[in-house]
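Asks: Coordinates in query-v2.txt, compact mmCIF, C-alpha atoms and all ligand atoms, are listed below.
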```
# COMPACT_ATOMS: atom_id res chain seq x y z
CA MET B 45 38.56 227.88 154.67
CA GLU B 46 36.18 230.31 152.95
CA LEU B 47 33.38 228.97 150.83
CA ASN B 48 31.32 230.91 148.32
CA PRO B 49 29.92 234.02 150.06
CA ILE B 50 26.58 233.64 148.24
CA TYR B 51 25.96 230.61 150.44
CA SER B 52 28.09 231.17 153.52
CA GLY B 53 26.05 234.20 154.57
CA MET B 54 22.71 232.55 153.91
CA GLY B 55 20.27 231.04 156.43
CA VAL B 56 17.84 228.19 155.84
CA THR B 57 14.74 229.08 153.85
CA ILE B 58 11.59 230.26 155.60
CA PHE B 59 9.90 227.07 154.35
CA GLU B 60 12.48 224.85 156.00
CA LYS B 61 12.43 226.92 159.18
CA MET B 62 8.66 226.76 159.55
CA SER B 63 8.39 223.04 158.73
CA ALA B 64 11.20 222.23 161.19
CA LEU B 65 9.21 223.91 163.98
CA CYS B 66 6.18 221.77 163.08
CA ARG B 67 7.84 218.36 162.96
CA ASP B 68 7.12 217.54 166.62
CA GLY B 69 3.39 217.70 165.82
CA SER B 70 2.56 220.51 168.23
CA ARG B 71 1.85 223.06 165.51
CA ILE B 72 -0.50 223.29 162.53
CA ASN B 73 1.68 223.67 159.43
CA LEU B 74 0.12 226.07 156.95
CA GLY B 75 3.60 227.26 155.93
CA GLN B 76 5.58 225.24 153.38
CA GLY B 77 3.43 224.11 150.45
CA PHE B 78 2.68 220.40 150.54
CA PRO B 79 -0.46 218.29 150.91
CA ASP B 80 -0.96 216.28 154.08
CA ASP B 81 -1.93 213.12 152.22
CA SER B 82 0.84 211.01 150.73
CA GLY B 83 -0.35 211.16 147.12
CA PRO B 84 -2.84 209.36 144.86
CA ALA B 85 -2.95 205.58 145.50
CA GLN B 86 -2.83 204.85 141.76
CA LEU B 87 0.42 206.79 141.38
CA LEU B 88 2.02 205.25 144.47
CA ALA B 89 1.10 201.76 143.24
CA ALA B 90 2.65 202.51 139.84
CA ALA B 91 5.86 203.66 141.52
CA GLY B 92 5.98 200.60 143.79
CA LYS B 93 5.47 198.28 140.84
CA ALA B 94 8.14 200.04 138.78
CA LEU B 95 10.57 199.91 141.70
CA LEU B 96 10.11 196.15 142.04
CA GLU B 97 9.73 195.16 138.43
CA ARG B 98 11.71 197.60 136.30
CA SER B 99 15.31 198.74 136.19
CA ASN B 100 16.80 200.55 139.14
CA GLN B 101 19.98 201.45 137.24
CA TYR B 102 20.80 204.73 135.49
CA PRO B 103 18.03 205.67 133.11
CA PRO B 104 18.88 207.79 130.02
CA SER B 105 20.17 211.18 131.12
CA PRO B 106 17.37 213.22 129.42
CA GLY B 107 14.68 211.03 131.03
CA VAL B 108 12.95 207.74 130.27
CA PRO B 109 11.26 207.91 126.84
CA GLU B 110 7.90 207.02 128.43
CA LEU B 111 7.98 210.15 130.60
CA ARG B 112 9.32 212.50 127.90
CA ASP B 113 6.51 211.30 125.62
CA ALA B 114 3.89 211.57 128.37
CA VAL B 115 4.90 215.16 129.24
CA ALA B 116 4.73 216.17 125.56
CA ALA B 117 1.38 214.40 125.08
CA TRP B 118 -0.12 215.97 128.20
CA TYR B 119 0.89 219.46 127.01
CA ARG B 120 -0.48 218.76 123.55
CA ARG B 121 -3.84 217.75 125.08
CA SER B 122 -4.14 220.26 127.87
CA GLN B 123 -2.37 223.37 126.52
CA HIS B 124 -2.30 222.77 122.76
CA LEU B 125 1.48 222.99 122.73
CA ASP B 126 3.32 221.59 119.77
CA LEU B 127 5.76 219.37 121.71
CA LEU B 128 7.43 216.02 121.13
CA ARG B 129 9.90 213.88 123.06
CA GLU B 130 12.91 215.87 121.87
CA ASN B 131 11.48 219.02 123.43
CA VAL B 132 11.42 217.52 126.94
CA ILE B 133 14.30 216.99 129.41
CA VAL B 134 13.44 215.36 132.74
CA THR B 135 15.11 216.83 135.84
CA SER B 136 15.21 216.16 139.57
CA GLY B 137 12.44 218.60 140.38
CA ALA B 138 11.65 222.01 138.98
CA THR B 139 14.46 223.31 141.17
CA GLU B 140 17.04 221.48 139.09
CA ALA B 141 15.24 222.59 135.93
CA LEU B 142 15.56 226.21 137.07
CA ALA B 143 19.25 225.72 137.81
CA ALA B 144 19.80 224.16 134.39
CA ALA B 145 17.92 226.93 132.58
CA ILE B 146 19.81 229.66 134.44
CA LEU B 147 23.24 228.04 134.10
CA ALA B 148 22.62 227.41 130.40
CA SER B 149 21.66 231.00 129.65
CA VAL B 150 23.25 233.43 132.11
CA SER B 151 26.87 234.52 131.69
CA PRO B 152 28.86 236.79 134.03
CA GLY B 153 27.53 240.34 133.85
CA ASP B 154 24.16 239.40 132.37
CA GLU B 155 21.08 240.91 133.95
CA VAL B 156 18.00 238.82 134.61
CA ILE B 157 14.59 240.36 135.32
CA LEU B 158 12.74 238.81 138.26
CA PHE B 159 9.30 239.76 139.50
CA ALA B 160 8.92 240.18 143.26
CA PRO B 161 7.34 238.44 145.12
CA VAL B 162 9.97 236.06 143.76
CA TYR B 163 10.46 232.35 144.38
CA ASP B 164 13.44 231.91 146.68
CA ALA B 165 15.73 229.92 144.37
CA TYR B 166 15.87 232.35 141.44
CA ALA B 167 18.14 235.16 142.66
CA PRO B 168 20.80 232.93 144.29
CA LEU B 169 21.01 230.82 141.13
CA VAL B 170 21.30 233.89 138.90
CA ARG B 171 24.06 235.26 141.15
CA ARG B 172 25.92 231.94 141.21
CA ALA B 173 25.88 232.00 137.41
CA GLY B 174 27.59 235.42 137.61
CA GLY B 175 24.46 237.30 136.65
CA LYS B 176 22.67 240.20 138.29
CA PRO B 177 19.04 239.84 139.38
CA VAL B 178 17.02 242.97 138.59
CA PHE B 179 13.69 243.14 140.38
CA VAL B 180 10.36 244.47 139.18
CA THR B 181 8.00 244.80 142.15
CA LEU B 182 4.41 243.60 141.98
CA ARG B 183 1.89 244.99 144.47
CA PRO B 184 -1.29 243.68 146.11
CA PRO B 185 -4.15 243.15 145.70
CA ASP B 186 -3.76 242.37 141.97
CA TRP B 187 0.01 241.80 141.57
CA ARG B 188 -0.18 243.07 137.97
CA TYR B 189 2.66 243.08 135.41
CA ASP B 190 3.23 246.47 133.85
CA ASN B 191 4.94 247.12 130.53
CA ASP B 192 6.51 250.42 131.63
CA ALA B 193 7.87 248.96 134.86
CA ILE B 194 9.56 246.18 132.89
CA GLU B 195 10.85 248.49 130.16
CA ALA B 196 12.32 250.79 132.83
CA VAL B 197 14.79 248.15 134.04
CA ILE B 198 15.95 246.83 130.66
CA THR B 199 19.55 247.59 129.71
CA GLU B 200 22.07 246.40 127.13
CA ARG B 201 22.96 243.58 129.52
CA THR B 202 19.44 242.20 130.05
CA ARG B 203 19.48 238.58 128.97
CA ALA B 204 16.37 236.89 130.36
CA ILE B 205 13.09 237.26 132.21
CA ILE B 206 11.97 234.65 134.74
CA LEU B 207 8.20 234.44 134.99
CA ASN B 208 6.37 232.35 137.58
CA ASP B 209 2.77 231.95 136.40
CA PRO B 210 0.56 231.06 138.28
CA LEU B 211 2.43 232.95 140.96
CA ASN B 212 3.64 231.53 144.27
CA PRO B 213 2.96 233.03 146.88
CA THR B 214 -0.07 235.03 145.70
CA GLY B 215 -2.07 232.35 143.89
CA THR B 216 -2.79 234.81 141.07
CA CYS B 217 -2.49 234.31 137.30
CA ALA B 218 -1.22 236.61 134.57
CA SER B 219 -3.94 237.72 132.14
CA ASP B 220 -3.65 237.14 128.40
CA GLU B 221 -2.89 240.85 128.01
CA GLU B 222 -0.07 240.69 130.54
CA LEU B 223 1.41 237.59 128.92
CA THR B 224 1.23 239.35 125.54
CA THR B 225 3.00 242.36 127.03
CA ILE B 226 5.78 240.18 128.46
CA ALA B 227 6.15 238.27 125.17
CA GLN B 228 6.44 241.54 123.25
CA VAL B 229 9.11 242.82 125.65
CA CYS B 230 11.08 239.58 125.13
CA ILE B 231 10.87 239.86 121.35
CA ARG B 232 11.61 243.59 121.26
CA HIS B 233 14.76 243.20 123.38
CA ASP B 234 15.80 239.70 122.25
CA LEU B 235 15.35 238.16 125.72
CA LEU B 236 14.97 234.57 126.82
CA ALA B 237 11.83 233.74 128.84
CA ILE B 238 12.34 231.18 131.61
CA CYS B 239 8.78 230.22 132.54
CA ASP B 240 8.30 228.49 135.87
CA GLU B 241 4.85 226.99 135.34
CA VAL B 242 4.89 224.42 138.13
CA TRP B 243 1.41 225.56 139.21
CA GLU B 244 -0.09 225.20 135.70
CA SER B 245 -2.48 222.38 136.63
CA VAL B 246 -3.54 223.91 139.95
CA ARG B 247 -5.73 226.59 138.36
CA PHE B 248 -9.32 226.90 139.55
CA ASP B 249 -12.58 228.31 138.18
CA GLY B 250 -12.11 226.66 134.78
CA GLN B 251 -9.17 228.75 133.68
CA VAL B 252 -6.60 227.16 131.37
CA GLN B 253 -2.84 227.69 131.42
CA ARG B 254 -1.35 229.70 128.58
CA SER B 255 2.39 229.38 128.25
CA LEU B 256 4.62 232.04 126.71
CA LEU B 257 5.98 229.11 124.70
CA SER B 258 2.81 229.23 122.58
CA PHE B 259 2.91 232.98 121.86
CA PRO B 260 3.92 234.15 118.38
CA GLY B 261 7.69 234.60 118.14
CA MET B 262 8.34 232.89 121.50
CA ALA B 263 8.90 229.22 120.58
CA GLN B 264 12.65 229.68 120.06
CA ARG B 265 13.18 231.85 123.14
CA THR B 266 11.12 230.16 125.87
CA ILE B 267 12.07 227.51 128.40
CA LYS B 268 9.00 226.09 130.15
CA ILE B 269 9.40 224.32 133.49
CA GLY B 270 6.96 221.88 135.12
CA SER B 271 6.84 219.62 138.18
CA ALA B 272 4.98 216.40 138.98
CA GLY B 273 5.22 217.42 142.63
CA LYS B 274 2.48 220.00 142.10
CA ILE B 275 0.38 218.17 139.50
CA PHE B 276 -0.11 215.11 141.69
CA GLY B 277 0.70 216.49 145.14
CA VAL B 278 3.86 214.44 145.67
CA THR B 279 6.33 217.17 146.56
CA GLY B 280 9.00 214.77 147.84
CA TRP B 281 9.31 213.01 144.50
CA LYS B 282 11.25 215.80 142.82
CA ILE B 283 10.35 214.91 139.26
CA GLY B 284 10.43 217.99 137.07
CA TRP B 285 11.14 218.87 133.48
CA LEU B 286 12.23 221.50 130.99
CA CYS B 287 10.48 222.02 127.64
CA ALA B 288 12.07 224.01 124.85
CA ALA B 289 12.77 224.03 121.13
CA PRO B 290 15.07 221.07 120.33
CA ALA B 291 18.16 223.25 119.81
CA LEU B 292 17.72 224.78 123.29
CA ALA B 293 16.63 221.49 124.86
CA SER B 294 19.82 219.75 123.77
CA VAL B 295 21.93 222.41 125.50
CA LEU B 296 19.75 222.19 128.62
CA ALA B 297 20.36 218.43 128.54
CA ARG B 298 24.11 219.07 128.73
CA VAL B 299 23.68 221.20 131.87
CA HIS B 300 21.41 218.57 133.46
CA GLN B 301 24.04 215.97 132.55
CA PHE B 302 26.46 217.57 135.00
CA LEU B 303 24.01 218.65 137.68
CA THR B 304 22.33 215.33 138.52
CA PHE B 305 22.83 213.39 135.25
CA THR B 306 19.52 211.58 135.75
CA THR B 307 16.47 211.11 137.97
CA PRO B 308 15.09 207.99 139.79
CA PRO B 309 13.53 205.71 137.15
CA ALA B 310 10.63 204.22 139.15
CA LEU B 311 9.28 207.69 139.86
CA GLN B 312 9.67 208.68 136.22
CA TYR B 313 7.64 205.64 135.09
CA ALA B 314 4.94 206.36 137.64
CA VAL B 315 4.65 210.02 136.61
CA ALA B 316 4.40 208.92 132.97
CA GLU B 317 1.41 206.77 133.93
CA GLY B 318 -0.13 209.54 135.98
CA LEU B 319 0.14 212.08 133.16
CA ALA B 320 -1.83 209.75 130.90
CA SER B 321 -4.83 210.12 133.23
CA ASP B 322 -6.67 213.43 132.84
CA ALA B 323 -9.17 212.10 135.38
CA LEU B 324 -6.46 211.78 138.03
CA ILE B 325 -5.06 215.25 137.33
CA ASP B 326 -8.57 216.76 137.44
CA GLU B 327 -9.41 214.93 140.64
CA ARG B 328 -6.36 216.41 142.37
CA LYS B 329 -7.21 219.88 141.10
CA GLU B 330 -10.84 219.61 142.18
CA GLY B 331 -9.77 218.48 145.65
CA TRP B 332 -7.58 221.57 145.97
CA ALA B 333 -10.36 223.80 144.64
CA ARG B 334 -12.40 222.53 147.61
CA THR B 335 -9.60 223.11 150.14
CA ARG B 336 -9.16 226.64 148.78
CA THR B 337 -12.86 227.38 149.22
CA PHE B 338 -12.87 225.79 152.67
CA LEU B 339 -9.91 227.80 153.98
CA ASN B 340 -11.02 231.07 152.37
CA SER B 341 -14.54 230.70 153.82
CA ALA B 342 -13.29 229.69 157.27
CA LEU B 343 -10.92 232.67 157.34
CA ARG B 344 -13.63 235.09 156.23
CA ALA B 345 -16.08 233.69 158.77
CA ALA B 346 -13.47 234.32 161.48
CA GLY B 347 -13.09 237.93 160.34
CA PHE B 348 -9.91 237.67 158.27
CA SER B 349 -9.52 239.56 155.00
CA VAL B 350 -8.61 237.15 152.19
CA LEU B 351 -7.02 238.29 148.92
CA PRO B 352 -8.37 236.82 145.64
CA ASN B 353 -6.63 233.56 144.64
CA GLN B 354 -7.30 231.59 141.46
CA ALA B 355 -4.48 229.05 141.55
CA THR B 356 -1.81 227.24 143.62
CA TRP B 357 -2.14 225.77 147.13
CA PHE B 358 -1.95 229.21 148.72
CA THR B 359 -4.33 231.73 150.23
CA CYS B 360 -3.09 235.17 151.17
CA VAL B 361 -4.44 237.12 154.11
CA ASP B 362 -4.31 240.92 154.25
CA LEU B 363 -3.08 241.55 157.79
CA PRO B 364 -4.11 245.20 158.32
CA GLY B 365 -7.52 244.37 156.78
CA SER B 366 -7.78 241.53 159.28
CA GLY B 367 -7.18 243.76 162.29
CA PHE B 368 -3.45 243.18 162.82
CA THR B 369 -0.90 245.91 163.29
CA LEU B 370 2.11 243.57 163.24
CA ASP B 371 4.00 243.29 159.97
CA ASP B 372 3.96 239.91 158.25
CA ALA B 373 7.37 238.72 159.47
CA ALA B 374 6.61 239.62 163.10
CA PHE B 375 3.17 238.08 162.75
CA ALA B 376 4.48 234.78 161.34
CA GLU B 377 7.20 234.59 164.01
CA ARG B 378 4.78 235.15 166.88
CA ALA B 379 2.00 233.05 165.34
CA VAL B 380 4.26 230.02 165.09
CA HIS B 381 5.55 230.34 168.68
CA GLU B 382 2.50 231.73 170.50
CA GLY B 383 -0.40 230.75 168.23
CA MET B 384 1.09 227.35 167.26
CA VAL B 385 0.34 227.89 163.55
CA ALA B 386 3.07 228.07 160.90
CA SER B 387 2.59 230.47 157.99
CA ILE B 388 4.83 232.23 155.46
CA PRO B 389 5.31 236.02 155.46
CA VAL B 390 5.11 237.27 151.86
CA SER B 391 7.94 239.75 152.58
CA ALA B 392 10.26 236.69 152.48
CA PHE B 393 9.73 236.76 148.70
CA TYR B 394 11.29 240.22 148.34
CA GLU B 395 14.90 241.39 148.68
CA ALA B 396 14.00 245.08 148.84
CA ASP B 397 10.93 247.30 148.93
CA ALA B 398 8.96 244.40 150.40
CA VAL B 399 5.22 244.14 150.76
CA THR B 400 4.94 243.50 154.51
CA SER B 401 1.17 243.32 154.96
CA VAL B 402 0.41 239.87 153.53
CA LEU B 403 0.61 236.39 155.03
CA ARG B 404 0.61 233.17 152.94
CA LEU B 405 -1.28 230.11 154.20
CA CYS B 406 -1.23 226.69 152.54
CA HIS B 407 -4.72 225.24 151.99
CA CYS B 408 -4.05 221.72 150.63
CA LYS B 409 -4.78 220.06 153.99
CA ALA B 410 -7.58 218.11 155.67
CA GLU B 411 -10.58 220.28 156.58
CA SER B 412 -10.08 219.48 160.27
CA THR B 413 -6.49 220.77 160.05
CA LEU B 414 -7.57 223.94 158.26
CA ALA B 415 -10.40 224.52 160.75
CA GLU B 416 -8.02 224.10 163.70
CA GLY B 417 -5.48 226.40 162.03
CA VAL B 418 -8.10 229.15 161.63
CA THR B 419 -9.33 228.68 165.21
CA ARG B 420 -5.77 229.08 166.49
CA LEU B 421 -5.13 232.15 164.31
CA ALA B 422 -8.35 233.77 165.56
CA ARG B 423 -7.42 232.95 169.17
CA PHE B 424 -3.95 234.42 168.59
CA ARG B 425 -5.52 237.59 167.16
CA ASP B 426 -7.83 237.91 170.18
CA ALA B 427 -4.91 237.38 172.58
CA LEU B 428 -2.93 240.12 170.79
CA ALA B 429 -5.90 242.50 171.00
CA SER B 430 -6.36 241.94 174.73
CA HIS B 431 -2.74 242.94 175.55
N1 LIG V 501 9.03 226.93 141.51
C1 LIG V 501 7.99 227.31 142.25
C2 LIG V 501 7.27 228.58 141.93
C3 LIG V 501 7.57 226.51 143.32
O1 LIG V 501 6.52 226.91 144.05
C4 LIG V 501 8.27 225.34 143.60
C5 LIG V 501 7.90 224.43 144.75
N2 LIG V 501 7.15 224.92 145.71
C6 LIG V 501 9.36 224.98 142.79
C7 LIG V 501 9.71 225.81 141.77
C8 LIG V 501 10.16 223.75 143.07
O2 LIG V 501 9.59 222.61 142.56
P1 LIG V 501 10.24 221.17 142.82
O3 LIG V 501 9.83 220.74 144.17
O4 LIG V 501 9.69 220.32 141.71
O5 LIG V 501 11.72 221.33 142.71
N1 LIG V 502 7.75 225.93 146.96
C1 LIG V 502 7.40 225.49 148.28
C2 LIG V 502 6.54 226.54 148.92
O1 LIG V 502 6.40 227.59 148.38
C3 LIG V 502 8.61 225.24 149.09
C4 LIG V 502 9.62 224.39 148.43
C5 LIG V 502 10.86 224.38 149.24
O2 LIG V 502 10.80 224.46 150.44
N2 LIG V 502 11.95 224.31 148.55
O3 LIG V 502 6.03 226.33 149.98
```
Show me, as structure tokens, the structure contained in the file I just sent.
Ligand code: PMP
Ligand code: GLN

Replies:
Amino acid sequence: MELNPIYSGMGVTIFEKMSALCRDGSRINLGQGFPDDSGPAQLLAAAGKALLERSNQYPPSPGVPELRDAVAAWYRRSQHLDLLRENVIVTSGATEALAAAILASVSPGDEVILFAPVYDAYAPLVRRAGGKPVFVTLRPPDWRYDNDAIEAVITERTRAIILNDPLNPTGTCASDEELTTIAQVCIRHDLLAICDEVWESVRFDGQVQRSLLSFPGMAQRTIKIGSAGKIFGVTGWKIGWLCAAPALASVLARVHQFLTFTTPPALQYAVAEGLASDALIDERKEGWARTRTFLNSALRAAGFSVLPNQATWFTCVDLPGSGFTLDDAAFAERAVHEGMVASIPVSAFYEADAVTSVLRLCHCKAESTLAEGVTRLARFRDALASH
């Protein structure tokens, strides 16, 4: 029996592969992005209380009103977005939100512009919807978006652009000028913007998220996606959401209705409480600002070349600049088996024309874990050099 070839020829993701190798505890896991604490006590207590004291039956399909209101209120406060409950649909993680946005908008033959390095779920979802992913390649060290490069791939069939800002894996953010450029392209060619902004609250150095949703002419053509997993560092919770103009949101709700229908209520209530606390959100962000500085400094002190990162849980290392001749995939493979440190090769985020010189490391870990990870990487480098 043949199943769909999109999936039957596919392996497990690099994130799953690396974490699987680490589960016996012998390796330091700086691969898949997740914190090594189990989440803020206040949030866990709220979830426990809701699990024991509130309903555990199907909540409303678009999300509990408390969470839809809390998402809208948080965006009004933190990003000055003009959102209300009817703009917000709660999903089981940003991954489901992406699936809903893509299934709702992409028809067979449509082309969707993706920027590489590209998050792993986008292209398979576009293909499963019958669409064609069209890649625009970004390059280190700045990973800039360029009007001409985008214009060059637009055709009569282009339907949407998927933008991940801040960008996983690079930890970089689009500038206001770049966002303006992308908005103008969308308006000029009547494109939908699917904005994966799961890293919006993990921005350092005082910078504030600007969503394409708030740009002139974009409110009716933007779907903004968020995730509590990143805001609070509870990646296993899988509470995400879609925000869009009510006419779009109601269609997205119909897709969600037949993907998962709804999302665990206790976790929704807890996230609603968490989003009401700017102090909690800031505390998480400040903690990750410290882990970023710690890992970047430890890497530099050990002679590694670190690329600039202003957001996310990730630090990228320039391998040639750090004295390695191996490409990123070979490096990550040998580092996890010989150096006992898991990392993610950035080439895994490209389908073609890959950047092969950059390694992604996850910094949202205890300082002792980060220090040991850097010690092992330096030892691995020295062992390579002596052979
Ligand atoms: N988009 C991006 C860019 C991500 O980095 C992630 C998670 N690492 C997701 C989507 C998925 O988020 P969730 O776990 O909420 O499904
Ligand atoms: N987004 C996570 C990362 O980049 C991985 C999530 C997943 O494994 N699906 O590390």

Asks: Any residue with an atom at most 6 Å from ligand LIG 501 (chain V) counts, using only C-alpha atoms and all ligand atoms. Which are they? Put them as a VMD selection string.

Replies: chain B and resid 137 to 139 163 208 212 240 242 271 273 279 282 to 284

Asks: Of the candidates B:Leu211, B:Ala422, B:Leu414, B:Ala429, which one gets nearest to ligand LIG 502 (chain V) if we count only C-alpha atoms and all ligand atoms?

Replies: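 Checking each candidate against ligand LIG 502 (chain V), we get B:Leu211 as the closest.
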
Asks: List every residue of chain B that has an atom at most 8 Å from any atom of ligand LIG 502 (chain V), giving for each one its closest atom pair and the distance in Å to one decimal, counting only C-alpha atoms and all ligand atoms, sorted by chain and then by ascending residue number, as CSV.

Replies:
```
residue,atom,partner,partner_atom,distance
B:Thr57,CA,V:LIG502,O2,7.0
B:Ile58,CA,V:LIG502,O2,7.8
B:Phe59,CA,V:LIG502,O2,4.8
B:Glu60,CA,V:LIG502,O2,5.8
B:Gly75,CA,V:LIG502,O3,6.5
B:Gln76,CA,V:LIG502,O3,3.6
B:Gly77,CA,V:LIG502,O3,3.5
B:Phe78,CA,V:LIG502,O3,6.8
B:Thr139,CA,V:LIG502,N2,7.9
B:Tyr163,CA,V:LIG502,O1,7.4
B:Asp164,CA,V:LIG502,N2,8.0
B:Ala165,CA,V:LIG502,N2,8.0
B:Asn212,CA,V:LIG502,O1,6.3
B:Pro213,CA,V:LIG502,O1,6.6
B:Cys406,CA,V:LIG502,O3,7.7
```

Asks: What is the atom CA of B:Arg112-atom CA of B:Pro84 distance in Å, reported with one decimal?

Replies: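 Rounded to one decimal, the two atoms are 21.1 Å apart.
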
Asks: From the set B:Ser105, B:Thr306, B:Gln123, B:Ser70, which residue has the shortest atom-to-atom contact distance to B:His381, counting only C-alpha atoms?

Replies: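 The shortest atom-to-atom distance to B:His381 comes from B:Ser70.
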
Asks: Kindly give the distance, in Å, that separates atom CA of B:Ala398 and atom CA of B:Ile238, rounded to a single decimal.

Replies: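 Interatomic distance, atom CA of B:Ala398 to atom CA of B:Ile238: 23.2 Å.
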
Asks: What is the distance, in Å and to one decimal place, between atom CA of B:Arg334 and atom CA of B:Tyr119?

Replies: 24.7 Å

Asks: Counting all atoms listed in the file, I want the residues whose atoms come within 7 Å of (15.1, 239.6, 131.9) in the file frame, returned as a list in words.

Replies: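 Returned residue set, sorted by chain then number, is Glu155, Val156, Ile157, Leu158, Thr202, Arg203, Ala204, Ile205, Ile206 and Leu235 of chain B.
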
Asks: In the coordinates of the file, take the point (32.9, 238.7, 134.7) and a cut-off of 7 Å; then, counting only C-alpha atoms, name each qualifying protein, DNA or RNA residue as a ChimeraX atom specification.

Replies: /B:152-153,174

Asks: In terms of the shortest atom-to-atom distance over all atoms listed in the file, which of B:Leu351, B:Ala143, B:Val178, B:Val252 is closest to B:Ile267?

Replies: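 Comparing B:Leu351, B:Ala143, B:Val178, B:Val252 against B:Ile267, the winner is B:Ala143.
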
Asks: Closest to B:Asp371 among B:Leu65, B:Pro389, B:Thr335, B:Val246, using all atoms listed in the file?

Replies: B:Pro389

Asks: Need the shell around stretch 319-333 of chain B: protein/DNA/RNA residues with any atom at most 12 Å away, counting all atoms listed in the file. Skip same-chain ones fewer than 5 positions apart. Format as number ranges by chain?

Replies: B: 78-81, 83-87, 90, 110-122, 215, 243-251, 271-278, 312-314, 338-340, 353-359, 406-411

Asks: With distances taken over only C-alpha atoms, which residue among B:Val380, B:Ala173, B:Leu128, B:Val134 lies nearest B:Ala316?

Replies: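 Among the listed residues, B:Val134 lies closest to B:Ala316.
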
Asks: Nearest to B:Ile194: which of B:Ala160, B:Leu296, B:Leu88, B:Val229 is it, counting only C-alpha atoms?

Replies: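 Of the candidates, the smallest distance to B:Ile194 is held by B:Val229.
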
Asks: List as a count of residues only the protein and nucleic acid residues near B:Thr419, meaning an atom at most 10 Å away when only C-alpha atoms are counted, but skip any in the same chain fewer than 2 places from it.

Replies: 15

Asks: Excluding B:Pro185 and its own-chain neighbours fewer than 5 positions away, which residues fall within 12 Å of it when counting all atoms listed in the file? Please give them as a PyMOL selection string.

Replies: chain B and resi 214-216+349-353+360-362+365+399+401-402

Asks: List the neighbours of B:Thr266 out to 8 Å using only C-alpha atoms; skip same-chain residues closer than 6 positions along the sequence, and give me the result as JSON, numbers by chain.

Replies: {"B": [236, 237, 238, 239, 256, 257, 288, 289]}
